[in-house]
Protein chains: 2
Amino acid sequence: MSPTNPPPPDPTSVPPAVVHRLSLYLRELRHQMADGNETTSSSQLGRRLGFTDAQVRKDLAHFGQFGHPGVGYRCDELVEAIRKILGTDREWRVALVGVGNLGRALLGYRGFHQQGFRLVAAFDADSSKIGSKIEGVEIHALESLAEVMSTQQIELGVVAVPAAEAQAVTDQLVAAGVGGIVNFAPVTVTVPEGVCKVGVDLARELEQVTFALANRLRET
Amino acid sequence: MSPTNPPPPDPTSVPPAVVHRLSLYLRELRHQMADGNETTSSSQLGRRLGFTDAQVRKDLAHFGQFGHPGVGYRCDELVEAIRKILGTDREWRVALVGVGNLGRALLGYRGFHQQGFRLVAAFDADSSKIGSKIEGVEIHALESLAEVMSTQQIELGVVAVPAAEAQAVTDQLVAAGVGGIVNFAPVTVTVPEGVCKVGVDLARELEQVTFALANRLRET
């Protein structure tokens with residue numbers, strides 16, 4: 001075991017918060033590259049995000065050693081390394097379930113494509129929507145979910161249905177063999193062991209703002 | 001300085017990740033209360049979220065001492081304490097700018113109301129929408145933003161316009177005296193010092209899922 005090339009630790013033991021920060025580092029690296037920087041440092045990387053250089057180094061150390069003595073990090077190298085860690089160095093084929101307002105917004109959200117997520121099929125219970133296309137994505141009947149997921153080789157499902165329908169739709173995705181689910185419905189869904197699941201709370205980020213505002217108001 | 005009642009540290013030095021985890025603890029506490037639990041412990045609180053008990057204790061210690069010897073945390077007490085810390089123990093009046101698909105979805109998103117955010121006005125550049133109501137919220141012309149924000153005593157702005165318009169809309173909100181901005185457009189906006197800003201990346205949570213999937217695939 002060479003000290004300059006330690007084996008990466010078990011990735012399943014990495015806390016979700018670290019994965020979350022890797023996403024932020026990736027975005028910051030892209031900003032810096034867009035600004036013309038070829039190399040960066042842990043303190044440069046952390047500054048705009050409000051993290052200490054020690055935090056940045058510790059987070060990256062979970063996955064190996066990425067810096068170069070006297071140079072710091074090469075931006076393009078680190079971008080590739082983080083994308084590989086996050087699993088976004090490849091394309092993922094994604095199905096959207098629920099083509100209401102939120103579903104339509106997600107179909108048009110260019111952030112997905114930028115990050116390697118390809119929405120290849122959408123599903124809805126409303127028969128008047130079936131067969132039409134939004135943003136080039138065909139809307140299928142919920143009944144054909146298993147079939148379309150198989151023929152289209154879909155691995156991830158995005159749930160954007162009303163809360164009351166979220167669990168039933170999740171069960172359908174699981175039965176169709178989905179690997180992971182991102183749930184935008186404001187309710188917790190359960191999945192069997194072996195299926196990954198993340199819930200998105202659209203209101204959560206507001207608490208970051210109210211926290212800052214409330215504490216500033218207390219100070220003054 | 002009594003050891004049982006240390007002064008809370010400077011809240012402005014609290015990392016955003018801690019604030020983010022407080023949101024998660026709050027949701028977990030509500031789950032536990034819904035399950036009929038009156039008290040909980042740091043390990044119970046962390047278990048379902050995948051955090052160690054040490055992490056939970058450390059996060060809460062930023063803000064004071066909340067446990068009771070031999071009892072643990074009283075759920076209702078801790079919920080109130082965290083809401084106060086997050087600034088969600090009061091109602092916040094919020095304006096939405098941009099009534100496209102995402103804006104409509106946000107107007108109907110019950111998660112906002114559950115957490116004390118009251119969307120009281122919406123704005124759009126499309127004159128055909130002006131004067132109509134969605135989910136009971138009136139849509140105003142962008143030109144009347146400053147006036148409506150003042151008369152409606154709005155403190156927070158949610159930006160849900162296309163990327164190309166996000167900065168201009170943010171500038172308008174800032175000029176109208178907004179305290180904080182939550183930006184859903186897939187672009188970084190800048191605000192002057194003194195205004196809080198959080199960007200929401202709808203695709204970020206997908207990376208949590210691909211990270212887990214990619215690393216599981218590597219294992220097998």
# chains A, B, ... in the order shown; residues from 1 in each chain; ligands from 1

$ select_by_dssp --residues "region 28-136 of chain A" --states "helix (DSSP H, G or I)" --output "ChimeraX atom specification"
/A:28-34,42-47,53-61,75-86,101-107,110-114

$ interface_residues --of "chain A" --to "chain B" --cutoff "8 Å" --atoms "only C-alpha atoms" --output "PyMOL selection string"
chain A and resi 11-12+15-17+19-20+23+50-51+85-88+100-102+104-106+109-112+115+179-182+186+196-216

$ atom_distance --atom1 "CA of Val56 (chain A)" --atom2 "CA of Ser43 (chain A)"
7.7 Å

$ closest_residue --among "A:Val191, A:Ala125, A:Val97, A:Val178" --to "Ala160 (chain A)" --atoms "only C-alpha atoms"
A:Val97

$ atom_distance --atom1 "CA of Leu26 (chain B)" --atom2 "CA of Arg57 (chain B)"
14.0 Å

$ atom_distance --atom1 "CA of Asn37 (chain A)" --atom2 "CA of Pro192 (chain B)"
24.7 Å

$ select_by_dssp --residues "region 3-205 of chain A" --states "strand (DSSP E)" --output "PyMOL selection string"
chain A and resi 39-40+73-74+92-97+117-124+133-134+137-141+156-159+180-183+196-199

$ residues_around --residues "Ser127 (chain B)" --least-positions-apart "6" --cutoff "12 Å" --atoms "only C-alpha atoms" --output "PDB file with C-alpha atoms, in the first residue's frame"
ATOM      1  CA  VAL B  99     -45.623  31.861 -13.706  1.00  0.00           C
ATOM      2  CA  ILE B 139     -50.639  37.492 -10.901  1.00  0.00           C
ATOM      3  CA  HIS B 140     -49.305  41.034 -11.250  1.00  0.00           C
ATOM      4  CA  ALA B 141     -47.291  42.806 -13.922  1.00  0.00           C
ATOM      5  CA  LEU B 142     -43.542  42.831 -13.346  1.00  0.00           C
ATOM      6  CA  GLU B 143     -43.668  46.648 -13.465  1.00  0.00           C
TER       7      GLU B 143
END
